[in-house]
file protein-v1.cif (mmCIF, C-alpha atoms)
data_coords
#
loop_
_atom_site.group_PDB
_atom_site.id
_atom_site.type_symbol
_atom_site.label_atom_id
_atom_site.label_comp_id
_atom_site.auth_asym_id
_atom_site.auth_seq_id
_atom_site.Cartn_x
_atom_site.Cartn_y
_atom_site.Cartn_z
ATOM 1 C CA MET A 26 -3.313 2.804 51.126
ATOM 2 C CA LYS A 27 -4.871 2.733 54.623
ATOM 3 C CA ALA A 28 -7.185 -0.113 53.613
ATOM 4 C CA LEU A 29 -4.210 -2.069 52.309
ATOM 5 C CA ARG A 30 -2.334 -1.673 55.578
ATOM 6 C CA ARG A 31 -5.254 -3.155 57.547
ATOM 7 C CA TYR A 32 -4.792 -6.564 55.912
ATOM 8 C CA MET A 33 -1.024 -6.862 56.307
ATOM 9 C CA SER A 34 1.584 -6.373 58.958
ATOM 10 C CA GLY A 35 3.992 -3.480 59.034
ATOM 11 C CA SER A 36 6.785 -5.754 57.823
ATOM 12 C CA ASP A 37 4.796 -6.886 54.766
ATOM 13 C CA PHE A 38 3.887 -3.306 53.890
ATOM 14 C CA PHE A 39 7.539 -2.279 54.183
ATOM 15 C CA GLN A 40 8.618 -5.143 51.911
ATOM 16 C CA ILE A 41 6.060 -4.136 49.270
ATOM 17 C CA CYS A 42 7.247 -0.513 49.332
ATOM 18 C CA VAL A 43 10.876 -1.587 49.035
ATOM 19 C CA THR A 44 10.026 -3.944 46.169
ATOM 20 C CA VAL A 45 8.177 -1.213 44.264
ATOM 21 C CA ILE A 46 11.028 1.263 44.721
ATOM 22 C CA LEU A 47 13.639 -1.272 43.640
ATOM 23 C CA PHE A 48 11.531 -2.187 40.595
ATOM 24 C CA LEU A 49 11.400 1.475 39.576
ATOM 25 C CA PHE A 50 15.180 1.747 39.943
ATOM 26 C CA PHE A 51 15.507 -1.443 37.890
ATOM 27 C CA CYS A 52 13.445 0.093 35.088
ATOM 28 C CA VAL A 53 15.551 3.267 35.150
ATOM 29 C CA GLU A 54 18.749 1.213 34.891
ATOM 30 C CA LEU A 55 17.365 -1.186 32.272
ATOM 31 C CA TYR A 56 16.032 1.374 29.804
ATOM 32 C CA PRO A 57 19.433 2.722 28.601
ATOM 33 C CA ILE A 58 20.605 -0.847 27.989
ATOM 34 C CA LEU A 59 17.499 -1.706 25.976
ATOM 35 C CA TYR A 60 17.812 1.571 24.071
ATOM 36 C CA VAL A 61 21.385 0.815 23.008
ATOM 37 C CA ILE A 62 20.444 -2.746 22.010
ATOM 38 C CA SER A 63 17.450 -1.529 19.992
ATOM 39 C CA SER A 64 19.526 1.219 18.365
ATOM 40 C CA SER A 65 22.080 -1.340 17.191
ATOM 41 C CA PHE A 66 19.322 -3.103 15.207
ATOM 42 C CA SER A 67 17.512 0.042 14.000
ATOM 43 C CA ASP A 68 17.693 2.346 11.000
ATOM 44 C CA PRO A 69 20.259 5.053 11.900
ATOM 45 C CA ASP A 70 18.074 7.752 10.365
ATOM 46 C CA ALA A 71 15.266 6.847 12.771
ATOM 47 C CA VAL A 72 17.672 6.874 15.704
ATOM 48 C CA MET A 73 19.147 10.262 14.753
ATOM 49 C CA ALA A 74 15.642 11.672 14.277
ATOM 50 C CA GLY A 75 14.654 10.596 17.801
ATOM 51 C CA GLU A 76 11.926 8.228 16.606
ATOM 52 C CA LEU A 77 13.266 5.277 18.576
ATOM 53 C CA VAL A 78 11.674 4.865 22.000
ATOM 54 C CA LEU A 79 12.162 1.237 23.012
ATOM 55 C CA TRP A 80 11.778 -1.319 20.220
ATOM 56 C CA PRO A 81 13.880 -1.358 17.001
ATOM 57 C CA ILE A 82 12.632 0.675 14.033
ATOM 58 C CA GLY A 83 13.577 -0.465 10.532
ATOM 59 C CA PHE A 84 15.274 -3.658 11.709
ATOM 60 C CA THR A 85 18.727 -4.053 10.131
ATOM 61 C CA LEU A 86 21.914 -6.043 10.705
ATOM 62 C CA GLU A 87 24.138 -3.799 8.611
ATOM 63 C CA GLY A 88 25.950 -2.464 11.668
ATOM 64 C CA TYR A 89 26.908 -5.919 12.917
ATOM 65 C CA GLU A 90 27.894 -6.978 9.393
ATOM 66 C CA PHE A 91 30.250 -4.005 9.260
ATOM 67 C CA VAL A 92 31.672 -4.823 12.697
ATOM 68 C CA PHE A 93 32.339 -8.434 11.754
ATOM 69 C CA GLN A 94 34.111 -7.313 8.560
ATOM 70 C CA TYR A 95 36.116 -4.520 10.207
ATOM 71 C CA LYS A 96 39.506 -6.116 10.924
ATOM 72 C CA GLU A 97 40.732 -3.330 13.210
ATOM 73 C CA ILE A 98 37.883 -3.909 15.641
ATOM 74 C CA TRP A 99 38.783 -7.585 15.991
ATOM 75 C CA MET A 100 42.448 -6.653 16.295
ATOM 76 C CA GLY A 101 41.502 -4.276 19.100
ATOM 77 C CA TYR A 102 39.356 -7.012 20.638
ATOM 78 C CA ALA A 103 42.344 -9.403 20.707
ATOM 79 C CA ASN A 104 44.576 -6.710 22.223
ATOM 80 C CA THR A 105 42.001 -5.891 24.891
ATOM 81 C CA VAL A 106 41.643 -9.552 25.848
ATOM 82 C CA LEU A 107 45.437 -9.821 26.132
ATOM 83 C CA TYR A 108 45.729 -6.648 28.217
ATOM 84 C CA THR A 109 42.814 -7.648 30.447
ATOM 85 C CA VAL A 110 43.929 -11.222 31.146
ATOM 86 C CA ALA A 111 47.648 -10.509 31.574
ATOM 87 C CA GLY A 112 47.070 -7.240 33.423
ATOM 88 C CA THR A 113 44.545 -8.732 35.846
ATOM 89 C CA LEU A 114 46.815 -11.675 36.650
ATOM 90 C CA LEU A 115 49.669 -9.255 37.340
ATOM 91 C CA ASN A 116 47.391 -7.072 39.497
ATOM 92 C CA LEU A 117 46.343 -10.059 41.584
ATOM 93 C CA ALA A 118 49.936 -11.287 41.890
ATOM 94 C CA VAL A 119 50.981 -7.885 43.254
ATOM 95 C CA THR A 120 47.926 -6.833 45.273
ATOM 96 C CA LEU A 121 47.077 -9.990 47.229
ATOM 97 C CA PRO A 122 50.538 -10.763 48.682
ATOM 98 C CA CYS A 123 51.000 -7.086 49.545
ATOM 99 C CA ALA A 124 47.585 -6.945 51.233
ATOM 100 C CA TYR A 125 48.226 -10.131 53.191
ATOM 101 C CA ALA A 126 51.628 -8.920 54.390
ATOM 102 C CA LEU A 127 50.138 -5.622 55.583
ATOM 103 C CA SER A 128 47.326 -7.464 57.356
ATOM 104 C CA ARG A 129 49.844 -9.263 59.590
ATOM 105 C CA GLU A 130 50.200 -7.632 62.985
ATOM 106 C CA ASP A 131 53.762 -8.934 63.349
ATOM 107 C CA LEU A 132 54.980 -7.031 60.264
ATOM 108 C CA VAL A 133 57.609 -4.542 61.413
ATOM 109 C CA GLY A 134 56.877 -0.990 60.242
ATOM 110 C CA ARG A 135 53.381 -1.818 59.004
ATOM 111 C CA GLY A 136 52.002 1.620 59.925
ATOM 112 C CA GLY A 137 54.770 3.468 58.100
ATOM 113 C CA LEU A 138 54.334 1.333 54.984
ATOM 114 C CA MET A 139 50.605 2.060 54.930
ATOM 115 C CA VAL A 140 51.341 5.788 55.095
ATOM 116 C CA VAL A 141 53.673 5.462 52.098
ATOM 117 C CA PHE A 142 51.002 3.604 50.121
ATOM 118 C CA MET A 143 48.243 6.044 51.036
ATOM 119 C CA VAL A 144 50.306 9.087 50.041
ATOM 120 C CA THR A 145 50.258 7.831 46.456
ATOM 121 C CA MET A 146 46.441 8.011 46.482
ATOM 122 C CA TYR A 147 46.551 11.788 46.924
ATOM 123 C CA VAL A 148 49.871 12.829 45.387
ATOM 124 C CA GLY A 149 50.920 11.941 41.831
ATOM 125 C CA GLY A 150 53.970 12.717 39.761
ATOM 126 C CA GLY A 151 51.984 14.195 36.859
ATOM 127 C CA LEU A 152 51.355 13.139 33.292
ATOM 128 C CA ILE A 153 54.516 14.508 31.654
ATOM 129 C CA PRO A 154 56.977 13.160 34.290
ATOM 130 C CA GLY A 155 55.147 9.837 34.116
ATOM 131 C CA TYR A 156 55.492 9.720 30.329
ATOM 132 C CA LEU A 157 59.185 10.609 30.493
ATOM 133 C CA ASN A 158 59.694 7.949 33.134
ATOM 134 C CA MET A 159 58.054 5.276 30.984
ATOM 135 C CA LYS A 160 60.057 6.454 27.967
ATOM 136 C CA SER A 161 63.307 6.113 29.895
ATOM 137 C CA PHE A 162 62.384 2.488 30.612
ATOM 138 C CA GLY A 163 61.674 1.870 26.922
ATOM 139 C CA LEU A 164 58.010 1.068 27.535
ATOM 140 C CA VAL A 165 56.427 3.690 25.259
ATOM 141 C CA ASN A 166 54.584 2.172 22.279
ATOM 142 C CA THR A 167 54.842 -1.358 23.688
ATOM 143 C CA ARG A 168 52.127 -3.748 24.801
ATOM 144 C CA LEU A 169 53.914 -4.161 28.107
ATOM 145 C CA ILE A 170 53.016 -0.631 29.202
ATOM 146 C CA MET A 171 49.310 -1.524 28.977
ATOM 147 C CA ILE A 172 49.873 -4.465 31.315
ATOM 148 C CA ILE A 173 52.205 -3.189 34.008
ATOM 149 C CA ASP A 174 51.044 0.429 34.319
ATOM 150 C CA GLY A 175 48.904 0.666 37.440
ATOM 151 C CA ALA A 176 49.864 -2.824 38.615
ATOM 152 C CA LEU A 177 48.755 -1.971 42.163
ATOM 153 C CA SER A 178 45.632 -0.066 43.180
ATOM 154 C CA VAL A 179 46.040 1.147 46.751
ATOM 155 C CA TYR A 180 42.264 1.220 47.260
ATOM 156 C CA ASN A 181 41.934 -2.419 46.180
ATOM 157 C CA MET A 182 44.901 -3.347 48.347
ATOM 158 C CA ILE A 183 43.237 -1.774 51.403
ATOM 159 C CA VAL A 184 40.001 -3.695 50.717
ATOM 160 C CA ALA A 185 41.939 -6.962 50.406
ATOM 161 C CA ARG A 186 43.997 -6.200 53.522
ATOM 162 C CA THR A 187 40.833 -5.611 55.545
ATOM 163 C CA PHE A 188 39.415 -8.891 54.253
ATOM 164 C CA PHE A 189 42.504 -10.846 55.304
ATOM 165 C CA ALA A 190 42.658 -9.146 58.708
ATOM 166 C CA ASN A 191 38.999 -9.845 59.542
ATOM 167 C CA THR A 192 38.547 -13.240 57.899
ATOM 168 C CA ILE A 193 41.715 -15.306 58.341
ATOM 169 C CA PRO A 194 42.092 -16.274 62.039
ATOM 170 C CA GLY A 195 45.520 -15.653 63.494
ATOM 171 C CA GLU A 196 45.326 -18.985 65.323
ATOM 172 C CA LEU A 197 45.149 -20.761 61.972
ATOM 173 C CA THR A 198 48.360 -19.220 60.662
ATOM 174 C CA ASP A 199 50.061 -19.756 64.051
ATOM 175 C CA ALA A 200 49.167 -23.450 63.953
ATOM 176 C CA ALA A 201 50.544 -23.735 60.428
ATOM 177 C CA ARG A 202 53.783 -22.057 61.500
ATOM 178 C CA ILE A 203 54.166 -24.455 64.413
ATOM 179 C CA ASP A 204 53.827 -27.311 61.937
ATOM 180 C CA GLY A 205 56.772 -25.866 60.030
ATOM 181 C CA CYS A 206 54.977 -24.053 57.229
ATOM 182 C CA SER A 207 56.763 -21.017 55.804
ATOM 183 C CA ASP A 208 55.121 -17.637 55.221
ATOM 184 C CA PHE A 209 54.843 -18.365 51.504
ATOM 185 C CA GLY A 210 53.350 -21.778 52.270
ATOM 186 C CA ILE A 211 50.809 -20.240 54.643
ATOM 187 C CA PHE A 212 49.781 -17.720 52.009
ATOM 188 C CA SER A 213 49.557 -20.175 49.099
ATOM 189 C CA ARG A 214 48.191 -23.258 50.893
ATOM 190 C CA ILE A 215 45.951 -21.774 53.593
ATOM 191 C CA VAL A 216 45.127 -18.112 52.964
ATOM 192 C CA MET A 217 44.418 -18.224 49.235
ATOM 193 C CA PRO A 218 42.062 -21.257 49.294
ATOM 194 C CA LEU A 219 40.029 -19.450 51.973
ATOM 195 C CA SER A 220 39.957 -16.167 50.040
ATOM 196 C CA LYS A 221 38.081 -17.016 46.834
ATOM 197 C CA ALA A 222 35.601 -14.207 47.485
ATOM 198 C CA ILE A 223 38.176 -11.430 47.617
ATOM 199 C CA VAL A 224 40.090 -12.910 44.670
ATOM 200 C CA ALA A 225 36.902 -12.758 42.587
ATOM 201 C CA VAL A 226 36.210 -9.182 43.708
ATOM 202 C CA MET A 227 39.733 -8.004 42.939
ATOM 203 C CA GLY A 228 39.680 -9.826 39.613
ATOM 204 C CA LEU A 229 36.406 -8.125 38.709
ATOM 205 C CA TYR A 230 37.641 -4.683 39.752
ATOM 206 C CA TYR A 231 40.895 -4.962 37.840
ATOM 207 C CA GLY A 232 39.392 -6.782 34.864
ATOM 208 C CA VAL A 233 36.716 -4.138 34.253
ATOM 209 C CA GLY A 234 39.350 -1.420 34.623
ATOM 210 C CA HIS A 235 41.590 -2.992 31.987
ATOM 211 C CA TRP A 236 38.679 -3.735 29.662
ATOM 212 C CA ASN A 237 37.463 -0.114 29.688
ATOM 213 C CA SER A 238 40.904 1.487 29.630
ATOM 214 C CA TYR A 239 41.754 3.780 26.731
ATOM 215 C CA PHE A 240 43.587 6.750 28.297
ATOM 216 C CA ASN A 241 46.917 4.944 28.647
ATOM 217 C CA ALA A 242 46.653 3.851 25.006
ATOM 218 C CA MET A 243 46.094 7.478 23.955
ATOM 219 C CA ILE A 244 49.209 8.571 25.837
ATOM 220 C CA TYR A 245 51.673 5.740 25.288
ATOM 221 C CA LEU A 246 50.704 3.967 22.044
ATOM 222 C CA ASP A 247 51.276 5.142 18.463
ATOM 223 C CA ASP A 248 50.978 1.835 16.631
ATOM 224 C CA ARG A 249 47.349 1.065 15.691
ATOM 225 C CA LYS A 250 48.142 -2.649 15.764
ATOM 226 C CA LYS A 251 48.540 -2.350 19.550
ATOM 227 C CA TYR A 252 45.382 -0.312 20.173
ATOM 228 C CA PRO A 253 42.783 -1.789 22.551
ATOM 229 C CA LEU A 254 39.158 -2.073 21.484
ATOM 230 C CA GLN A 255 38.151 1.051 23.382
ATOM 231 C CA MET A 256 40.406 3.196 21.179
ATOM 232 C CA PHE A 257 38.592 2.083 18.037
ATOM 233 C CA LEU A 258 35.264 2.581 19.802
ATOM 234 C CA ARG A 259 36.356 6.108 20.684
ATOM 235 C CA GLU A 260 37.218 6.820 17.049
ATOM 236 C CA ILE A 261 33.805 5.597 15.922
ATOM 237 C CA LEU A 262 32.039 7.736 18.526
ATOM 238 C CA LEU A 263 34.004 10.785 17.377
ATOM 239 C CA ASP A 264 33.188 10.038 13.735
ATOM 240 C CA SER A 265 29.498 10.000 14.608
ATOM 241 C CA LYS A 266 29.775 13.728 15.404
ATOM 242 C CA VAL A 267 30.756 14.607 11.846
ATOM 243 C CA MET A 268 27.226 15.901 11.247
ATOM 244 C CA ASN A 269 27.956 18.858 13.527
ATOM 245 C CA GLN A 270 30.843 19.839 11.272
ATOM 246 C CA VAL A 271 28.527 19.644 8.254
ATOM 247 C CA ASN A 272 26.073 22.038 9.857
ATOM 248 C CA ASP A 273 28.758 24.487 10.902
ATOM 249 C CA ASN A 274 30.706 24.610 7.628
ATOM 250 C CA VAL A 275 28.626 26.429 5.002
ATOM 251 C CA GLU A 276 31.416 26.541 2.426
ATOM 252 C CA MET A 277 31.270 22.821 1.633
ATOM 253 C CA THR A 278 29.903 21.600 -1.675
ATOM 254 C CA GLN A 279 26.795 19.437 -1.906
ATOM 255 C CA GLU A 280 28.891 16.414 -2.794
ATOM 256 C CA GLN A 281 31.143 16.912 0.240
ATOM 257 C CA ILE A 282 28.119 17.346 2.468
ATOM 258 C CA ARG A 283 26.576 14.140 1.098
ATOM 259 C CA ILE A 284 29.772 12.186 1.713
ATOM 260 C CA LEU A 285 30.041 13.459 5.279
ATOM 261 C CA GLN A 286 26.381 12.715 5.917
ATOM 262 C CA GLU A 287 26.862 9.135 4.736
ATOM 263 C CA ALA A 288 29.937 8.811 6.961
ATOM 264 C CA ALA A 289 28.016 10.147 9.951
ATOM 265 C CA LYS A 290 25.130 7.781 9.212
ATOM 266 C CA SER A 291 27.455 4.769 9.050
ATOM 267 C CA ALA A 292 29.289 5.794 12.222
ATOM 268 C CA ASN A 293 26.005 6.302 14.057
ATOM 269 C CA LEU A 294 24.872 2.828 12.975
ATOM 270 C CA VAL A 295 28.108 1.105 13.940
ATOM 271 C CA LYS A 296 28.725 2.801 17.284
ATOM 272 C CA TYR A 297 25.809 1.087 19.022
ATOM 273 C CA CYS A 298 26.861 -2.275 17.581
ATOM 274 C CA VAL A 299 30.415 -1.798 18.838
ATOM 275 C CA ILE A 300 29.128 -0.790 22.283
ATOM 276 C CA ILE A 301 27.204 -4.079 22.477
ATOM 277 C CA VAL A 302 30.180 -6.106 21.245
ATOM 278 C CA ALA A 303 32.523 -4.322 23.684
ATOM 279 C CA THR A 304 30.335 -4.676 26.791
ATOM 280 C CA LEU A 305 28.939 -8.168 26.172
ATOM 281 C CA PRO A 306 31.850 -10.083 27.810
ATOM 282 C CA MET A 307 31.611 -8.055 31.024
ATOM 283 C CA MET A 308 27.816 -8.454 31.078
ATOM 284 C CA LEU A 309 28.228 -12.237 30.823
ATOM 285 C CA ILE A 310 30.993 -12.504 33.416
ATOM 286 C CA TYR A 311 29.555 -10.230 36.102
ATOM 287 C CA PRO A 312 26.477 -12.363 37.036
ATOM 288 C CA LYS A 313 28.725 -15.388 37.601
ATOM 289 C CA LEU A 314 30.969 -13.411 39.971
ATOM 290 C CA GLN A 315 28.247 -11.447 41.739
ATOM 291 C CA LYS A 316 27.865 -13.884 44.647
ATOM 292 C CA PHE A 317 31.591 -13.591 45.377
ATOM 293 C CA PHE A 318 31.431 -9.856 44.770
ATOM 294 C CA GLU A 319 28.762 -9.287 47.441
ATOM 295 C CA LYS A 320 30.437 -11.556 49.975
ATOM 296 C CA GLY A 321 33.923 -10.167 49.424
ATOM 297 C CA VAL A 322 32.930 -6.519 49.613
ATOM 298 C CA MET A 323 30.797 -6.935 52.729
ATOM 299 C CA ILE A 324 33.384 -8.968 54.649
ATOM 300 C CA GLY A 325 36.120 -6.599 53.611
ATOM 301 C CA SER A 326 34.104 -3.583 54.759
ATOM 302 C CA ILE A 327 33.057 -4.689 58.261
ATOM 303 C CA LYS A 328 35.490 -4.649 61.139
ATOM 304 C CA GLY A 329 35.116 -6.914 64.123
#

call {"tool": "encode", "arguments": {"input": "protein-v1.cif", "output": "structure tokens"}}
result
Amino acid sequence: MKALRRYMSGSDFFQICVTVILFLFFCVELYPILYVISSSFSDPDAVMAGELVLWPIGFTLEGYEFVFQYKEIWMGYANTVLYTVAGTLLNLAVTLPCAYALSREDLVGRGGLMVVFMVTMYVGGGLIPGYLNMKSFGLVNTRLIMIIDGALSVYNMIVARTFFANTIPGELTDAARIDGCSDFGIFSRIVMPLSKAIVAVMGLYYGVGHWNSYFNAMIYLDDRKKYPLQMFLREILLDSKVMNQVNDNVEMTQEQIRILQEAAKSANLVKYCVIIVATLPMMLIYPKLQKFFEKGVMIGSIKG
């Protein structure tokens, strides 16, 4: 190590150390992804026996064939796409105007409004009152509840407000107002075109949240035709634990044990395939939004 430092400057040595550390972190993060991908193409018996390390064992496409034939998964996929697209658009339509209004220094009562918003981050009404409230509005067991519930995230609103306050010059909006532009015109014609970074960040935050959401579906939905994809994925993951019930229940017949073992084997095969199918859209979208993500988060986090 000392000999290596003789032939390079301190800056070069630091860069090499940082690169090595980041590469190790990259390997740690990459391995679980490769393991899931390999498991989706491997013999489930080999996976359950712990024989799989990195590359597929007993290459098979049976899991993906089952997924493509399983109508409920595609029904859940369509519902999740609907909830994600409609919900994210609603989130942006609520969050961005609210954040811009609170970023304006001339807004009367801005401090009091921020206190009201921030209280909701620490104090909630509870699950049962929330359910009764949604039931009184007639939203239980409807697709609308999956779209409008949680329309505004206070944390995301604060990030967007900080972005607007530190990025959009007040002189620019003042000049537009002198030219006769209304507040709505300033927001739609000037602020939004200059805020593509924060729009992409908010869209990514909200979109991932909707795509991975299953708790609201568990609470508010009874109709399987309205289930999102994550609910069916949850069922498959629970079915893969049937083997534990087989081991614990000694009173079962051999035929019942065989049936449950086959069910557990199929569930174990399919669950990795469904994980890949469920996460693939987000994995494809994120790299395209990453440049906006980095810029939007950094600008929204630095004051001055």

call {"tool": "residues_around", "arguments": {"input": "protein-v1.cif", "residues": "segment 139-153 of chain A", "least_positions_apart": "4", "cutoff": "10 Å", "atoms": "only C-alpha atoms", "output": "list in words"}}
result
Leu127, Gly134, Arg135, Leu157, Asn158, Met159, Leu177, Ser178, Val179, Tyr180, Met182, Ile183 and Ile244 of chain A

call {"tool": "closest_atom_pairs", "arguments": {"input": "protein-v1.cif", "of": "segment 154-178 of chain A", "to": "segment 102-115 of chain A", "cutoff": "9 Å", "atoms": "all atoms listed in the file", "output": "JSON lines"}}
result
{"residue": "A:Arg168", "atom": "CA", "partner": "A:Tyr108", "partner_atom": "CA", "distance": 7.8}
{"residue": "A:Leu169", "atom": "CA", "partner": "A:Tyr108", "partner_atom": "CA", "distance": 8.6}
{"residue": "A:Met171", "atom": "CA", "partner": "A:Tyr108", "partner_atom": "CA", "distance": 6.3}
{"residue": "A:Ile172", "atom": "CA", "partner": "A:Gly112", "partner_atom": "CA", "distance": 4.5}
{"residue": "A:Ile173", "atom": "CA", "partner": "A:Gly112", "partner_atom": "CA", "distance": 6.6}
{"residue": "A:Asp174", "atom": "CA", "partner": "A:Gly112", "partner_atom": "CA", "distance": 8.7}
{"residue": "A:Ala176", "atom": "CA", "partner": "A:Leu115", "partner_atom": "CA", "distance": 6.6}
{"residue": "A:Leu177", "atom": "CA", "partner": "A:Leu115", "partner_atom": "CA", "distance": 8.8}

call {"tool": "closest_residue", "arguments": {"input": "protein-v1.cif", "among": "A:Thr44, A:Asn191, A:Asn166, A:Gln94", "to": "Asp248 of chain A", "atoms": "all atoms listed in the file"}}
result
A:Asn166

call {"tool": "closest_residue", "arguments": {"input": "protein-v1.cif", "among": "A:Met256, A:Ala118, A:Met307, A:Val78", "to": "Phe240 of chain A", "atoms": "all atoms listed in the file"}}
result
A:Met256

call {"tool": "residues_around", "arguments": {"input": "protein-v1.cif", "residues": "Phe84 of chain A", "least_positions_apart": "4", "cutoff": "10 Å", "atoms": "all atoms listed in the file", "output": "tab-separated table (two decimals) with C-alpha atoms, in the frame of the given file"}}
result
chain	number	residue	atom	x	y	z
A	63	SER	CA	17.45	-1.53	19.99
A	64	SER	CA	19.53	1.22	18.36
A	65	SER	CA	22.08	-1.34	17.19
A	66	PHE	CA	19.32	-3.10	15.21
A	67	SER	CA	17.51	0.04	14.00
A	68	ASP	CA	17.69	2.35	11.00
A	80	TRP	CA	11.78	-1.32	20.22

call {"tool": "build_atoms", "arguments": {"input": "protein-v1.cif", "residues": "segment 147-158 of chain A", "atoms": "N, CA and C atoms", "output": "tab-separated table (two decimals), keeping the file's coordinate frame"}}
result
chain	number	residue	atom	x	y	z
A	147	TYR	N	46.86	10.36	46.93
A	147	TYR	CA	46.55	11.79	46.92
A	147	TYR	C	47.60	12.63	46.19
A	148	VAL	N	48.79	12.08	46.01
A	148	VAL	CA	49.87	12.83	45.39
A	148	VAL	C	50.40	12.01	44.22
A	149	GLY	N	50.40	12.62	43.01
A	149	GLY	CA	50.92	11.94	41.83
A	149	GLY	C	52.04	12.74	41.20
A	150	GLY	N	52.83	12.06	40.38
A	150	GLY	CA	53.97	12.72	39.76
A	150	GLY	C	53.60	13.60	38.59
A	151	GLY	N	52.39	13.41	38.02
A	151	GLY	CA	51.98	14.20	36.86
A	151	GLY	C	52.12	13.40	35.57
A	152	LEU	N	51.40	13.86	34.55
A	152	LEU	CA	51.36	13.14	33.29
A	152	LEU	C	52.68	13.19	32.55
A	153	ILE	N	53.27	14.37	32.42
A	153	ILE	CA	54.52	14.51	31.65
A	153	ILE	C	55.67	13.78	32.34
A	154	PRO	N	55.91	13.95	33.65
A	154	PRO	CA	56.98	13.16	34.29
A	154	PRO	C	56.73	11.66	34.18
A	155	GLY	N	55.45	11.25	34.26
A	155	GLY	CA	55.15	9.84	34.12
A	155	GLY	C	55.49	9.32	32.73
A	156	TYR	N	55.17	10.12	31.70
A	156	TYR	CA	55.49	9.72	30.33
A	156	TYR	C	57.00	9.63	30.14
A	157	LEU	N	57.73	10.63	30.63
A	157	LEU	CA	59.18	10.61	30.49
A	157	LEU	C	59.79	9.43	31.24
A	158	ASN	N	59.20	9.09	32.37
A	158	ASN	CA	59.69	7.95	33.13
A	158	ASN	C	59.50	6.65	32.36
